[in-house]
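Q: Once you've had a glance at the structure underneath, I'll fire off some questions.
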Amino acid sequence: MPPENHIITTVLLLLFLLILLPLPSPTTATTTDTPKFREAPAFRNGKNCPISKWPKNPYDPSTIHIAMTLDYSSPYLRGSIAGVLSVLQHSTCPENTFFHFLAVHRHFNHLNKTITSTFPYLNFNLYNFNPNLVRHLISSSIRRALDQPLNYARIYLADLLPATVNRIIYLDSDLIVVDDVDKLWNIELNDRVLGAPEYCHANFTHYFTHKFWFHPIFPNTFENRTPCYFNTGVMVIDLQKWRNDDYTQKLEHWMRVQKRYRIYELGSLPPFLLVFAGNVKQVEHRWNQHGLGGDNLEGQCRDLHPGPVSLLHWSGKGKPWLRLDSKKPCPLDSLWAPYDLFRHQSLFSDN
């Protein structure tokens, strides 16, 4: 057979194979690039749980309200899903928990499908957080993840959530709860706006620059207060008091000061310290075993703080899902792994 006939035969064979093989649809191409999660078990109330009637009864005292952010374009979504599962798994009355998710509107469709397929029985609502609300107030910090607008959404909870929600637990996306969240929900705030574990042994001066401490006016903001560091990844907030005294405006004020004077380096945390430190209702340390992600630069492995544990928080650079995937986990990352519902894609399996 002449050589040109071999070429023609090969080309015809390739064309025939292309006709037989189905072309990927746009939907298929999109979904293979997005995270997929296994369906979580259905968690039901214990026999002594009251029946939650929220939102039909907007003031139903039996409903626990939890706020989190969801970022569909970020690996943090995997952490959020694990966090939700951990809350439900350890709740005595999981059906009485209502999740308020803050997200960018363009991701609503994908997020709604992800949440309903992963947690078919979950009580939740999505709220639009417009990044332009805060983008002009954000200053660069020591870690890029801290500069994302969604990281500042917690400042706007009182504005975004229904006015009938008077109390909220805010949870970060890099933590798991290993105790009944009802215990955290029922802490007494007394006259305080915010409750969180405080760490008064930390050197508070390190959270602000010399420009702050040597300014003739700025340090006076802590006058008549004994400020202590607290982590904003776990907070119980009285939203009614927040609204009454417009704490959103107070936080934005310090963000504007930061744009002009560069008084801190740590994203959304310092404004909270400036406004609330010294006026925080102390919560047991067990409710935020933070720092498991190491510092903001290296992300090195860390041990637990001494004492009991109700919540594990991988604040810092190192995240458990990234370290587990890279086969370089820290010892405590194994405590996060059982809550990971991410469905890893396999060349030989659709599971």
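Labeling convention for the structure tokens: chains A, B, ... as they appear, residues from 1 per chain, ligands from 1 in order of appearance.
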I need the helix (DSSP H, G or I) residues of segment 41-159 of chain A per DSSP on the backbone, written as a ChimeraX atom specification.
A: /A:76-89,94-96,105-118,131-133,135-137,144-147,149-159
Q: As an MDAnalysis selection string, please: the residues near segment 305-320 of chain A (cut-off 9 Å, only C-alpha atoms, same-chain neighbours under 6 positions excluded).
A: chainID A and resid 76 79 143 145 172:181 231 233:234 285:299 329:330 332:337
Q: If you count only C-alpha atoms, which residues fall within 9 Å of Ala40 of chain A, apart from same-chain ones fewer than 5 positions away, as a list in words?
A: Leu85, Ser117, Thr118, Phe119, Pro120 and Leu341 of chain A
Q: Could you dump the residues just selected with all heavy atoms as an mmCIF file, in the first residue's frame?
A:
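Result written to again-v8.cif:
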data_model
loop_
_atom_site.group_PDB
_atom_site.id
_atom_site.type_symbol
_atom_site.label_atom_id
_atom_site.label_comp_id
_atom_site.auth_asym_id
_atom_site.auth_seq_id
_atom_site.Cartn_x
_atom_site.Cartn_y
_atom_site.Cartn_z
ATOM 1 N N LEU A 85 -21.131 20.415 59.508
ATOM 2 C CA LEU A 85 -21.313 19.020 59.910
ATOM 3 C C LEU A 85 -20.980 18.834 61.384
ATOM 4 O O LEU A 85 -21.697 18.142 62.117
ATOM 5 C CB LEU A 85 -20.431 18.106 59.053
ATOM 6 C CG LEU A 85 -20.415 16.623 59.449
ATOM 7 C CD1 LEU A 85 -21.809 16.012 59.328
ATOM 8 C CD2 LEU A 85 -19.414 15.843 58.591
ATOM 9 N N SER A 117 -27.683 19.647 48.545
ATOM 10 C CA SER A 117 -27.291 18.271 48.221
ATOM 11 C C SER A 117 -26.445 17.649 49.332
ATOM 12 O O SER A 117 -26.470 16.433 49.533
ATOM 13 C CB SER A 117 -26.514 18.232 46.896
ATOM 14 O OG SER A 117 -25.306 18.972 46.996
ATOM 15 N N THR A 118 -25.719 18.474 50.069
ATOM 16 C CA THR A 118 -24.872 17.965 51.146
ATOM 17 C C THR A 118 -25.650 17.814 52.443
ATOM 18 O O THR A 118 -25.475 16.849 53.194
ATOM 19 C CB THR A 118 -23.671 18.903 51.378
ATOM 20 O OG1 THR A 118 -23.015 19.162 50.132
ATOM 21 C CG2 THR A 118 -22.673 18.282 52.348
ATOM 22 N N PHE A 119 -26.525 18.796 52.716
ATOM 23 C CA PHE A 119 -27.344 18.786 53.938
ATOM 24 C C PHE A 119 -28.823 18.962 53.554
ATOM 25 O O PHE A 119 -29.381 20.060 53.678
ATOM 26 C CB PHE A 119 -26.920 19.917 54.876
ATOM 27 C CG PHE A 119 -25.472 19.880 55.285
ATOM 28 C CD1 PHE A 119 -24.559 20.764 54.726
ATOM 29 C CD2 PHE A 119 -25.021 18.963 56.225
ATOM 30 C CE1 PHE A 119 -23.229 20.744 55.102
ATOM 31 C CE2 PHE A 119 -23.687 18.932 56.606
ATOM 32 C CZ PHE A 119 -22.786 19.826 56.041
ATOM 33 N N PRO A 120 -29.474 17.918 53.062
ATOM 34 C CA PRO A 120 -30.858 18.051 52.565
ATOM 35 C C PRO A 120 -31.851 18.541 53.614
ATOM 36 O O PRO A 120 -32.899 19.075 53.256
ATOM 37 C CB PRO A 120 -31.210 16.628 52.100
ATOM 38 C CG PRO A 120 -29.892 15.950 51.878
ATOM 39 C CD PRO A 120 -28.963 16.543 52.870
ATOM 40 N N LEU A 341 -16.230 16.290 54.177
ATOM 41 C CA LEU A 341 -17.164 15.634 53.259
ATOM 42 C C LEU A 341 -16.751 15.786 51.798
ATOM 43 O O LEU A 341 -17.498 15.394 50.902
ATOM 44 C CB LEU A 341 -18.574 16.223 53.448
ATOM 45 C CG LEU A 341 -19.253 15.906 54.780
ATOM 46 C CD1 LEU A 341 -20.576 16.659 54.900
ATOM 47 C CD2 LEU A 341 -19.477 14.412 54.926
#
Q: So how far away is atom CA of Leu88 of chain A from atom CA of Tyr121 of chain A, in Å?
A: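 Atom CA of Tyr121 of chain A sits 10.8 Å away from atom CA of Leu88 of chain A.
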Q: Report as number ranges by chain: the residues of segment 142-203 of chain A with a DSSP assignment of strand (DSSP E or B), based on the backbone of this structure.
A: A: 167-171, 175-177, 194-196, 198-199
Q: Using only C-alpha atoms, determine which residues lie at most 10 Å from Phe222 of chain A, disregarding the query and same-chain residues fewer than 4 positions distant; provide the list as a list in words.
A: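 Contacts, with the query itself left out: Phe218, Thr226, Pro227, Leu273, Leu274, Val275, Phe276, Ala277 and Gly278 of chain A.
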Q: So which one's closest to Trp54 of chain A, A:Lys36, A:Ile138, A:Thr164, A:Pro94? Using only C-alpha atoms, please.
A: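 Closest residue, counting only C-alpha atoms: A:Thr164.
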Q: Under the rule of at most 8 Å, produce a per-residue listing of segment 107-158 of chain A near segment 259-268 of chain A: chain, number, name, the closest pair of atoms, and the distance in Å, as CSV, using only C-alpha atoms.
A:
residue,atom,partner,partner_atom,distance
A:Leu137,CA,A:Lys259,CA,7.0
A:Ile138,CA,A:Lys259,CA,7.6
A:Ser139,CA,A:Lys259,CA,6.1
A:Ser140,CA,A:Gly267,CA,7.4
A:Ser141,CA,A:Glu265,CA,4.9
A:Ile142,CA,A:Glu265,CA,6.0
A:Arg143,CA,A:Leu266,CA,8.0
A:Leu146,CA,A:Gly267,CA,5.2
A:Asp147,CA,A:Gly267,CA,6.0
A:Asn151,CA,A:Ser268,CA,7.0
A:Tyr152,CA,A:Ser268,CA,5.9
Q: Identify which of the residues A:Thr209, A:Ser62, A:Asn130, A:Asn244 lies closest to Pro50 of chain A, counting only C-alpha atoms when measuring atom-to-atom distances.
A: A:Ser62
Q: Could you give me, as a list of chain:residue names, the residues within 7 Å of His65 of chain A, counting only C-alpha atoms and dropping anything in the same chain fewer than 2 positions from it?
A: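 The residues that qualify are A:Thr63, A:Ala67, A:Thr97, A:Phe98, A:Phe99, A:Ile168, A:Ile169.
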Q: Enter the distance from atom CA of Phe272 of chain A to atom CA of Leu70 of chain A, in Å, rounded to one decimal.
A: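 Going from atom CA of Phe272 of chain A over to atom CA of Leu70 of chain A, I get 21.2 Å.
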